[in-house]
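Listing of structure_37.pdb, PDB, C-alpha atoms
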```
ATOM      1  CA  MET A  33     -26.463   8.246 -18.392
ATOM      2  CA  ILE A  34     -26.090   9.675 -14.905
ATOM      3  CA  ALA A  35     -22.311   9.790 -15.339
ATOM      4  CA  ASP A  36     -22.461  12.367 -18.152
ATOM      5  CA  PRO A  37     -23.233  15.529 -16.145
ATOM      6  CA  PHE A  38     -20.629  14.669 -13.496
ATOM      7  CA  THR A  39     -18.000  13.912 -16.115
ATOM      8  CA  TRP A  40     -18.862  17.140 -17.927
ATOM      9  CA  LEU A  41     -18.560  19.086 -14.664
ATOM     10  CA  PHE A  42     -15.170  17.513 -13.885
ATOM     11  CA  ALA A  43     -13.975  18.367 -17.397
ATOM     12  CA  GLN A  44     -14.991  22.007 -16.918
ATOM     13  CA  VAL A  45     -13.141  22.207 -13.606
ATOM     14  CA  VAL A  46      -9.991  20.776 -15.228
ATOM     15  CA  ARG A  47     -10.307  23.128 -18.206
ATOM     16  CA  ILE A  48     -10.763  26.240 -16.048
ATOM     17  CA  ARG A  49      -7.919  25.264 -13.715
ATOM     18  CA  ASN A  50      -5.502  24.679 -16.596
ATOM     19  CA  ALA A  51      -6.571  27.892 -18.299
ATOM     20  CA  ARG A  52      -5.676  29.869 -15.162
ATOM     21  CA  TYR A  53      -2.146  28.479 -15.255
ATOM     22  CA  ASP A  54      -1.823  28.801 -19.041
ATOM     23  CA  ARG A  55      -2.795  32.480 -18.826
ATOM     24  CA  GLU A  56      -0.588  33.054 -15.755
ATOM     25  CA  ARG A  57      -3.578  33.951 -13.581
ATOM     26  CA  ALA A  58      -2.589  31.388 -10.942
ATOM     27  CA  PRO A  59       0.760  31.653  -9.139
ATOM     28  CA  ILE A  60       3.557  29.300 -10.227
ATOM     29  CA  TYR A  61       6.496  28.897  -7.854
ATOM     30  CA  ARG A  62      10.034  28.268  -9.086
ATOM     31  CA  LEU A  63      12.784  26.429  -7.226
ATOM     32  CA  ARG A  64      16.474  27.229  -7.610
ATOM     33  CA  LEU A  65      17.329  23.847  -9.155
ATOM     34  CA  PRO A  66      15.783  22.477 -12.364
ATOM     35  CA  VAL A  67      12.695  20.295 -11.923
ATOM     36  CA  ILE A  68      12.037  17.196 -14.033
ATOM     37  CA  SER A  69       8.498  15.911 -13.558
ATOM     38  CA  VAL A  70       7.361  12.318 -14.099
ATOM     39  CA  GLY A  71       3.587  11.992 -14.235
ATOM     40  CA  ASN A  72       0.574  10.700 -16.118
ATOM     41  CA  ILE A  73      -2.997  11.646 -17.015
ATOM     42  CA  SER A  74      -4.752   8.745 -15.273
ATOM     43  CA  VAL A  75      -5.222   7.247 -11.827
ATOM     44  CA  GLY A  76      -2.601   4.601 -11.063
ATOM     45  CA  GLY A  77      -1.084   1.796 -13.092
ATOM     46  CA  SER A  78       1.102   3.654 -15.609
ATOM     47  CA  GLY A  79       4.469   2.842 -14.005
ATOM     48  CA  LYS A  80       5.540   6.230 -12.678
ATOM     49  CA  THR A  81       7.550   4.822  -9.770
ATOM     50  CA  PRO A  82       9.466   2.238 -11.877
ATOM     51  CA  PHE A  83      10.176   4.986 -14.409
ATOM     52  CA  VAL A  84      11.575   7.247 -11.669
ATOM     53  CA  GLN A  85      13.713   4.298 -10.559
ATOM     54  CA  SER A  86      15.041   3.833 -14.107
ATOM     55  CA  LEU A  87      15.779   7.540 -14.473
ATOM     56  CA  GLY A  88      17.386   7.652 -11.014
ATOM     57  CA  ARG A  89      19.613   4.660 -11.750
ATOM     58  CA  TRP A  90      20.764   6.331 -14.971
ATOM     59  CA  LEU A  91      21.547   9.568 -13.119
ATOM     60  CA  ASN A  92      23.467   7.620 -10.481
ATOM     61  CA  ALA A  93      25.481   5.907 -13.225
ATOM     62  CA  GLN A  94      26.347   9.346 -14.646
ATOM     63  CA  ASP A  95      27.308  10.570 -11.147
ATOM     64  CA  ILE A  96      24.619  13.277 -11.299
ATOM     65  CA  ALA A  97      23.240  13.944  -7.816
ATOM     66  CA  PHE A  98      19.489  14.470  -7.522
ATOM     67  CA  ASP A  99      16.666  14.411  -5.022
ATOM     68  CA  ILE A 100      13.025  13.406  -5.288
ATOM     69  CA  LEU A 101       9.926  15.382  -4.336
ATOM     70  CA  SER A 102       6.725  13.434  -3.681
ATOM     71  CA  ARG A 103       3.313  13.986  -2.193
ATOM     72  CA  GLY A 104       3.640  10.799  -0.137
ATOM     73  CA  TYR A 105       0.225   9.417  -1.017
ATOM     74  CA  GLY A 106      -1.372   7.264   1.680
ATOM     75  CA  ARG A 107       0.922   8.323   4.546
ATOM     76  CA  ASN A 108      -0.419   8.918   8.037
ATOM     77  CA  SER A 109       1.584  12.124   8.570
ATOM     78  CA  ARG A 110       1.394  15.680   7.311
ATOM     79  CA  GLY A 111       3.804  18.457   6.404
ATOM     80  CA  VAL A 112       7.233  18.173   4.834
ATOM     81  CA  LEU A 113       9.397  15.216   5.867
ATOM     82  CA  GLN A 114      12.663  13.772   4.626
ATOM     83  CA  VAL A 115      12.279  10.028   4.130
ATOM     84  CA  ASP A 116      14.369   7.791   6.370
ATOM     85  CA  PRO A 117      15.051   4.632   4.314
ATOM     86  CA  ALA A 118      14.904   2.594   7.521
ATOM     87  CA  GLY A 119      11.610   4.158   8.590
ATOM     88  CA  PRO A 120       8.038   2.911   8.268
ATOM     89  CA  ALA A 121       6.000   3.152   5.085
ATOM     90  CA  GLY A 122       3.047   4.578   7.007
ATOM     91  CA  LEU A 123       5.001   7.707   7.865
ATOM     92  CA  TYR A 124       6.146   8.528   4.330
ATOM     93  CA  GLY A 125       4.051   6.500   1.874
ATOM     94  CA  ASP A 126       5.077   3.269   0.155
ATOM     95  CA  GLU A 127       6.419   4.761  -3.084
ATOM     96  CA  PRO A 128       8.693   7.432  -1.505
ATOM     97  CA  LEU A 129      10.113   4.807   0.865
ATOM     98  CA  LEU A 130      10.759   2.427  -2.031
ATOM     99  CA  LEU A 131      12.528   5.197  -3.989
ATOM    100  CA  ALA A 132      14.668   6.166  -0.995
ATOM    101  CA  ARG A 133      15.720   2.546  -0.467
ATOM    102  CA  THR A 134      16.445   1.645  -4.087
ATOM    103  CA  LEU A 135      18.016   4.881  -5.359
ATOM    104  CA  LYS A 136      19.942   5.977  -2.231
ATOM    105  CA  ALA A 137      18.904   9.570  -2.959
ATOM    106  CA  PRO A 138      17.267  12.154  -0.663
ATOM    107  CA  VAL A 139      13.472  11.947  -0.865
ATOM    108  CA  PHE A 140      11.173  14.635   0.545
ATOM    109  CA  VAL A 141       7.420  14.272   0.930
ATOM    110  CA  GLY A 142       4.887  17.057   1.326
ATOM    111  CA  GLU A 143       1.411  18.012   0.195
ATOM    112  CA  ASP A 144       2.988  21.257  -1.036
ATOM    113  CA  ARG A 145       5.737  20.152  -3.406
ATOM    114  CA  TYR A 146       7.214  23.672  -3.477
ATOM    115  CA  ALA A 147       7.698  23.539   0.292
ATOM    116  CA  ALA A 148       9.215  20.066  -0.091
ATOM    117  CA  GLY A 149      11.559  21.478  -2.728
ATOM    118  CA  LEU A 150      12.665  24.302  -0.448
ATOM    119  CA  ALA A 151      13.459  21.740   2.256
ATOM    120  CA  ALA A 152      15.402  19.673  -0.280
ATOM    121  CA  GLU A 153      17.437  22.688  -1.368
ATOM    122  CA  LYS A 154      18.185  23.601   2.235
ATOM    123  CA  PHE A 155      19.434  20.039   2.738
ATOM    124  CA  ALA A 156      21.484  20.203  -0.478
ATOM    125  CA  ALA A 157      23.175  23.418   0.664
ATOM    126  CA  ARG A 158      24.850  21.570   3.540
ATOM    127  CA  SER A 159      25.389  18.257   1.730
ATOM    128  CA  SER A 160      28.807  16.986   0.653
ATOM    129  CA  ARG A 161      27.169  15.873  -2.612
ATOM    130  CA  PRO A 162      24.480  18.464  -3.340
ATOM    131  CA  ALA A 163      21.661  17.656  -5.729
ATOM    132  CA  ARG A 164      21.817  19.198  -9.193
ATOM    133  CA  LEU A 165      18.132  18.668  -9.998
ATOM    134  CA  HIS A 166      14.799  17.680  -8.501
ATOM    135  CA  ILE A 167      12.707  14.775  -9.775
ATOM    136  CA  LEU A 168       9.044  15.568  -9.175
ATOM    137  CA  ASP A 169       7.208  12.272  -8.716
ATOM    138  CA  ASP A 170       3.604  12.197  -9.981
ATOM    139  CA  GLY A 171       3.763  15.896 -10.755
ATOM    140  CA  PHE A 172       1.996  16.502 -14.073
ATOM    141  CA  GLN A 173      -1.120  17.973 -12.446
ATOM    142  CA  HIS A 174       0.827  19.845  -9.721
ATOM    143  CA  ARG A 175       1.117  22.946 -11.871
ATOM    144  CA  ARG A 176       1.752  25.446  -9.086
ATOM    145  CA  LEU A 177       5.378  24.229  -9.120
ATOM    146  CA  HIS A 178       7.369  25.241 -12.190
ATOM    147  CA  ARG A 179       8.950  22.341 -13.998
ATOM    148  CA  ASP A 180      11.689  22.463 -16.658
ATOM    149  CA  PHE A 181      10.876  19.131 -18.291
ATOM    150  CA  ASP A 182       7.600  17.186 -18.163
ATOM    151  CA  ILE A 183       7.584  13.445 -18.877
ATOM    152  CA  VAL A 184       4.141  11.832 -19.109
ATOM    153  CA  LEU A 185       3.653   8.067 -19.094
ATOM    154  CA  LEU A 186       0.791   6.772 -21.194
ATOM    155  CA  ALA A 187      -0.934   3.407 -20.691
ATOM    156  CA  HIS A 188      -3.096   1.444 -23.117
ATOM    157  CA  ALA A 189      -6.178   2.005 -20.960
ATOM    158  CA  ASP A 190      -5.726   5.784 -21.229
ATOM    159  CA  LEU A 191      -6.731   5.801 -24.901
ATOM    160  CA  ARG A 192     -10.128   4.249 -24.192
ATOM    161  CA  GLY A 193     -10.681   5.813 -20.778
ATOM    162  CA  SER A 194     -13.014   8.585 -19.704
ATOM    163  CA  LEU A 195     -12.599  11.361 -17.183
ATOM    164  CA  LEU A 196     -13.129  11.095 -13.461
ATOM    165  CA  PRO A 197     -15.220  10.635 -11.380
ATOM    166  CA  PHE A 198     -16.523   7.572 -13.245
ATOM    167  CA  GLY A 199     -13.503   7.007 -15.483
ATOM    168  CA  ARG A 200      -9.772   6.822 -14.720
ATOM    169  CA  LEU A 201      -8.490   9.946 -16.512
ATOM    170  CA  ARG A 202      -7.378  12.963 -14.493
ATOM    171  CA  GLU A 203      -7.138  15.007 -17.703
ATOM    172  CA  PRO A 204      -8.171  14.495 -21.338
ATOM    173  CA  LEU A 205      -5.643  13.248 -23.888
ATOM    174  CA  SER A 206      -5.280  16.819 -25.167
ATOM    175  CA  ALA A 207      -3.299  17.571 -21.990
ATOM    176  CA  LEU A 208      -0.372  15.655 -23.506
ATOM    177  CA  ALA A 209       0.369  18.822 -25.485
ATOM    178  CA  ARG A 210       1.893  20.277 -22.292
ATOM    179  CA  ALA A 211       4.452  17.459 -22.038
ATOM    180  CA  HIS A 212       8.009  17.696 -23.274
ATOM    181  CA  ALA A 213       8.009  13.905 -23.777
ATOM    182  CA  VAL A 214       5.384  11.146 -23.777
ATOM    183  CA  ALA A 215       6.681   7.723 -22.713
ATOM    184  CA  ALA A 216       4.581   4.878 -24.119
ATOM    185  CA  PRO A 217       4.895   1.264 -25.300
ATOM    186  CA  GLU A 218       5.962   1.080 -28.930
ATOM    187  CA  ASP A 219       2.614  -0.212 -30.211
ATOM    188  CA  LEU A 220       0.830   2.625 -28.426
ATOM    189  CA  ALA A 221       3.383   5.257 -29.410
ATOM    190  CA  ALA A 222       2.694   4.458 -33.070
ATOM    191  CA  LEU A 223      -0.845   5.821 -32.610
ATOM    192  CA  LEU A 224       0.363   9.192 -31.315
ATOM    193  CA  SER A 225       1.147  12.234 -33.408
ATOM    194  CA  LYS A 226       3.193  14.086 -30.780
ATOM    195  CA  PRO A 227       6.802  14.336 -32.049
ATOM    196  CA  ASN A 228       8.726  13.593 -28.839
ATOM    197  CA  ILE A 229       7.617  10.034 -28.124
ATOM    198  CA  TRP A 230       9.820   7.801 -25.992
ATOM    199  CA  HIS A 231       9.348   4.084 -26.617
ATOM    200  CA  ILE A 232       9.376   2.102 -23.365
ATOM    201  CA  ARG A 233       9.239  -1.573 -22.421
ATOM    202  CA  ARG A 234       8.187  -3.047 -19.069
ATOM    203  CA  ARG A 235       9.648  -6.265 -17.685
ATOM    204  CA  LEU A 236       9.959  -8.052 -14.372
ATOM    205  CA  LEU A 237      13.303  -9.103 -12.935
ATOM    206  CA  LEU A 238      13.483 -11.748 -10.221
ATOM    207  CA  PRO A 239      16.162 -11.140  -7.558
ATOM    208  CA  GLN A 240      16.225 -14.913  -6.904
ATOM    209  CA  PRO A 241      14.378 -17.993  -8.160
ATOM    210  CA  ALA A 242      10.652 -17.909  -7.491
ATOM    211  CA  PRO A 243       8.931 -20.533  -5.334
ATOM    212  CA  THR A 244       7.621 -23.468  -7.347
ATOM    213  CA  ARG A 245       4.063 -22.976  -6.013
ATOM    214  CA  PRO A 246       3.774 -19.285  -5.160
ATOM    215  CA  LEU A 247       0.804 -17.331  -3.873
ATOM    216  CA  ALA A 248       0.871 -13.875  -5.458
ATOM    217  CA  PHE A 249      -0.702 -10.800  -3.885
ATOM    218  CA  CYS A 250      -0.512  -7.037  -4.253
ATOM    219  CA  GLY A 251      -2.139  -3.728  -3.403
ATOM    220  CA  LEU A 252      -2.212  -2.009  -6.792
ATOM    221  CA  ALA A 253      -4.739   0.025  -8.747
ATOM    222  CA  HIS A 254      -4.598  -2.574 -11.541
ATOM    223  CA  PRO A 255      -3.544  -5.935 -10.066
ATOM    224  CA  ARG A 256      -4.132  -7.792 -13.343
ATOM    225  CA  GLN A 257      -1.058  -6.050 -14.734
ATOM    226  CA  PHE A 258       1.023  -7.747 -12.034
ATOM    227  CA  TRP A 259      -0.522 -11.179 -12.714
ATOM    228  CA  GLN A 260       0.124 -10.729 -16.451
ATOM    229  CA  SER A 261       3.719  -9.601 -15.863
ATOM    230  CA  LEU A 262       4.306 -12.782 -13.866
ATOM    231  CA  ALA A 263       2.816 -14.878 -16.679
ATOM    232  CA  ASP A 264       5.069 -13.077 -19.167
ATOM    233  CA  ILE A 265       8.113 -14.510 -17.384
ATOM    234  CA  GLY A 266       6.572 -17.952 -17.013
ATOM    235  CA  ILE A 267       5.273 -17.745 -13.441
ATOM    236  CA  TYR A 268       1.736 -18.988 -12.766
ATOM    237  CA  PRO A 269       0.756 -18.676  -9.084
ATOM    238  CA  VAL A 270      -1.413 -21.319  -7.457
ATOM    239  CA  ALA A 271      -3.601 -18.443  -6.197
ATOM    240  CA  THR A 272      -3.750 -14.659  -6.309
ATOM    241  CA  TYR A 273      -5.214 -12.070  -3.971
ATOM    242  CA  ALA A 274      -5.671  -8.340  -4.621
ATOM    243  CA  PHE A 275      -5.921  -5.706  -1.903
ATOM    244  CA  GLY A 276      -6.845  -2.075  -2.560
ATOM    245  CA  ASP A 277      -4.318   0.356  -4.033
ATOM    246  CA  HIS A 278      -1.697   1.502  -1.470
ATOM    247  CA  HIS A 279      -3.125  -1.001   1.025
ATOM    248  CA  CYS A 280      -1.755  -0.743   4.564
ATOM    249  CA  TYR A 281      -1.157  -4.306   5.760
ATOM    250  CA  LYS A 282      -2.436  -5.335   9.173
ATOM    251  CA  SER A 283      -2.106  -8.536  11.189
ATOM    252  CA  GLN A 284      -5.420  -9.878   9.876
ATOM    253  CA  ASP A 285      -4.171  -9.446   6.294
ATOM    254  CA  ILE A 286      -1.057 -11.471   7.064
ATOM    255  CA  ALA A 287      -3.208 -14.172   8.687
ATOM    256  CA  LEU A 288      -5.431 -14.227   5.587
ATOM    257  CA  LEU A 289      -2.454 -14.689   3.263
ATOM    258  CA  GLN A 290      -1.017 -17.456   5.449
ATOM    259  CA  ARG A 291      -4.400 -19.212   5.449
ATOM    260  CA  LEU A 292      -4.675 -18.947   1.664
ATOM    261  CA  ALA A 293      -1.161 -20.340   1.295
ATOM    262  CA  ARG A 294      -2.084 -23.380   3.375
ATOM    263  CA  GLN A 295      -5.349 -23.902   1.475
ATOM    264  CA  HIS A 296      -3.580 -23.863  -1.907
ATOM    265  CA  GLU A 297      -0.435 -25.635  -0.692
ATOM    266  CA  ALA A 298       1.732 -22.683  -1.691
ATOM    267  CA  ASN A 299       5.402 -22.832  -0.751
ATOM    268  CA  GLY A 300       6.123 -19.097  -0.900
ATOM    269  CA  PHE A 301       4.817 -15.632  -1.711
ATOM    270  CA  LEU A 302       5.273 -13.165  -4.567
ATOM    271  CA  THR A 303       4.421  -9.492  -4.300
ATOM    272  CA  THR A 304       5.552  -6.128  -5.658
ATOM    273  CA  GLU A 305       8.431  -3.997  -4.406
ATOM    274  CA  LYS A 306       5.899  -1.346  -3.397
ATOM    275  CA  ASP A 307       4.058  -3.850  -1.223
ATOM    276  CA  LEU A 308       7.211  -5.381   0.218
ATOM    277  CA  VAL A 309       8.307  -2.131   1.911
ATOM    278  CA  LYS A 310       5.068  -2.254   3.920
ATOM    279  CA  LEU A 311       5.718  -5.785   5.145
ATOM    280  CA  ASP A 312       8.822  -5.204   7.276
ATOM    281  CA  GLY A 313       8.846  -7.614  10.196
ATOM    282  CA  THR A 314       5.964  -9.793   9.035
ATOM    283  CA  ARG A 315       6.131 -13.575   8.958
ATOM    284  CA  LEU A 316       5.487 -14.206   5.290
ATOM    285  CA  THR A 317       8.351 -16.452   4.236
ATOM    286  CA  PRO A 318       9.797 -16.990   1.812
ATOM    287  CA  ILE A 319       8.660 -13.830   0.037
ATOM    288  CA  ILE A 320      10.080 -12.423  -3.187
ATOM    289  CA  ALA A 321       9.355  -9.106  -4.879
ATOM    290  CA  PRO A 322      10.261  -9.013  -8.585
ATOM    291  CA  ALA A 323      11.504  -5.612  -9.729
ATOM    292  CA  LEU A 324       9.432  -3.900 -12.419
ATOM    293  CA  VAL A 325      11.935  -2.321 -14.776
ATOM    294  CA  ILE A 326      10.976   0.229 -17.419
ATOM    295  CA  GLU A 327      13.487   0.411 -20.252
ATOM    296  CA  VAL A 328      13.627   3.515 -22.435
ATOM    297  CA  GLU A 329      14.729   3.070 -26.031
ATOM    298  CA  ASN A 330      17.868   5.162 -26.724
ATOM    299  CA  ALA A 331      17.911   6.108 -23.036
ATOM    300  CA  ASN A 332      21.310   7.818 -23.111
ATOM    301  CA  THR A 333      20.309  10.116 -25.952
ATOM    302  CA  ARG A 334      16.852  10.799 -24.495
ATOM    303  CA  PHE A 335      18.048  11.539 -20.992
ATOM    304  CA  GLN A 336      21.021  13.654 -22.099
ATOM    305  CA  SER A 337      18.716  15.784 -24.249
ATOM    306  CA  MET A 338      16.317  16.069 -21.296
ATOM    307  CA  LEU A 339      19.100  17.398 -19.051
ATOM    308  CA  GLU A 340      20.115  19.965 -21.673
ATOM    309  CA  THR A 341      16.531  21.159 -22.133
ATOM    310  CA  ALA A 342      16.023  21.384 -18.357
ATOM    311  CA  GLY A 343      19.255  23.358 -17.930
ATOM    312  CA  VAL A 344      20.905  20.874 -15.550
ATOM    313  CA  ARG A 345      24.504  21.910 -14.872
TER     314      ARG A 345
END
```

Encoded form (structure tokens):
Amino acid sequence: MIADPFTWLFAQVVRIRNARYDRERAPIYRLRLPVISVGNISVGGSGKTPFVQSLGRWLNAQDIAFDILSRGYGRNSRGVLQVDPAGPAGLYGDEPLLLARTLKAPVFVGEDRYAAGLAAEKFAARSSRPARLHILDDGFQHRRLHRDFDIVLLAHADLRGSLLPFGRLREPLSALARAHAVAAPEDLAALLSKPNIWHIRRRLLLPQPAPTRPLAFCGLAHPRQFWQSLADIGIYPVATYAFGDHHCYKSQDIALLQRLARQHEANGFLTTEKDLVKLDGTRLTPIIAPALVIEVENANTRFQSMLETAGVR
């Protein structure tokens, strides 16, 4: 019962904040290039980063240059920075570093995404292959930056969730009305009435054969999703261990994992791509990070229409 007044208060704050933007009483800043936002309405676990990877790979295949704007959650720095793919995760955040490494595109982090966008456009002005659009990572609630196309990922848990601070929802389901497209698994999409629903499917791809007796670990908001994804491709670890979301690995964590591996007679480690970028130089071997791929049904048609709506030239 004690959760009700706090949840009600959070809902009022969200409602008032959105109303200010809807009625143009709060400033909205516009960048020169079109902005395509990928976000969600809940805290963690919806697959935003894998979706950005899928979108980025499609853009690369079409030879459409882009950059990525991110808050850089969990980093130990402040201000606007361009991500060095060879740099440390602590400086930029694990997800921006992963995107910079896998997509080979400029990635800028900053608490103020408009300032990050200005830095990206300054970089593009002197680039031999200037970006034609910005991808705003985790941007659905960052309404002070104008966006030309909003994609919102929806997870099963969102339909039965409640608002923060005791639930996982940042906004109520009614916020989906602001989105240009809602990306959801097919069984979930069938429950939605919004017309522009994109059916998506998640799957893991192994870059090489997995160890026969792996120990699996991760630092995710919903680690059970990772364990289930492994089971879906026939991998059953001898043990699992979950750290907190965006966990920053230290020497004692590595020692713990090595000790667990010995206890369970594991012959290797499995983790996520997001975790792997934070483990540069550690002595966890062999270690494999399956890639989480999000496939969009009719991707060519969906993404082409998105570019036209956003005014990408």

With a cut-off of 10 Å, could you pull out the residues of region 209-324 of chain A touching region 64-74 of chain A and give me the nearest pair of atoms for each, distance in Å to one decimal, using only C-alpha atoms, ordered by chain and ascending number, as CSV?
```
residue,atom,partner,partner_atom,distance
A:Ala211,CA,A:Ser69,CA,9.5
A:His212,CA,A:Ser69,CA,9.9
A:Ala213,CA,A:Val70,CA,9.8
A:Val214,CA,A:Asn72,CA,9.1
A:Ala215,CA,A:Asn72,CA,9.5
```

_Could you check the closest approach to Ile48 (chain A) for each of A:Leu220, A:Thr303, A:Arg256, A:Glu203 and tell me which residue wins, using all atoms listed in the file?_
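Looking only at the distances to Ile48 (chain A), the closest residue turns out to be A:Glu203.
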
*Pairwise distance for CA of Asp170 (chain A) and CA of Pro128 (chain A), rounded to one decimal in Å*: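 The value is 11.0 Å.
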
*asked:* On this structure, the PyMOL selection byres ((chain A and resi 293) around 12) would catch which residues? List them as number ranges by chain, sorted by chain and number.
replied: A: 245-249, 269-273, 286-292, 294-302, 316-319

Could you give me the centre and size, in Å to one decimal, of an axis-aligned box around all listed atoms of region 53-62 of chain A with 5 Å added on every side, as AutoDock Vina command-line options?
```
--center_x 3.2 --center_y 31.1 --center_z -13.4 --size_x 23.6 --size_y 15.7 --size_z 21.2
```
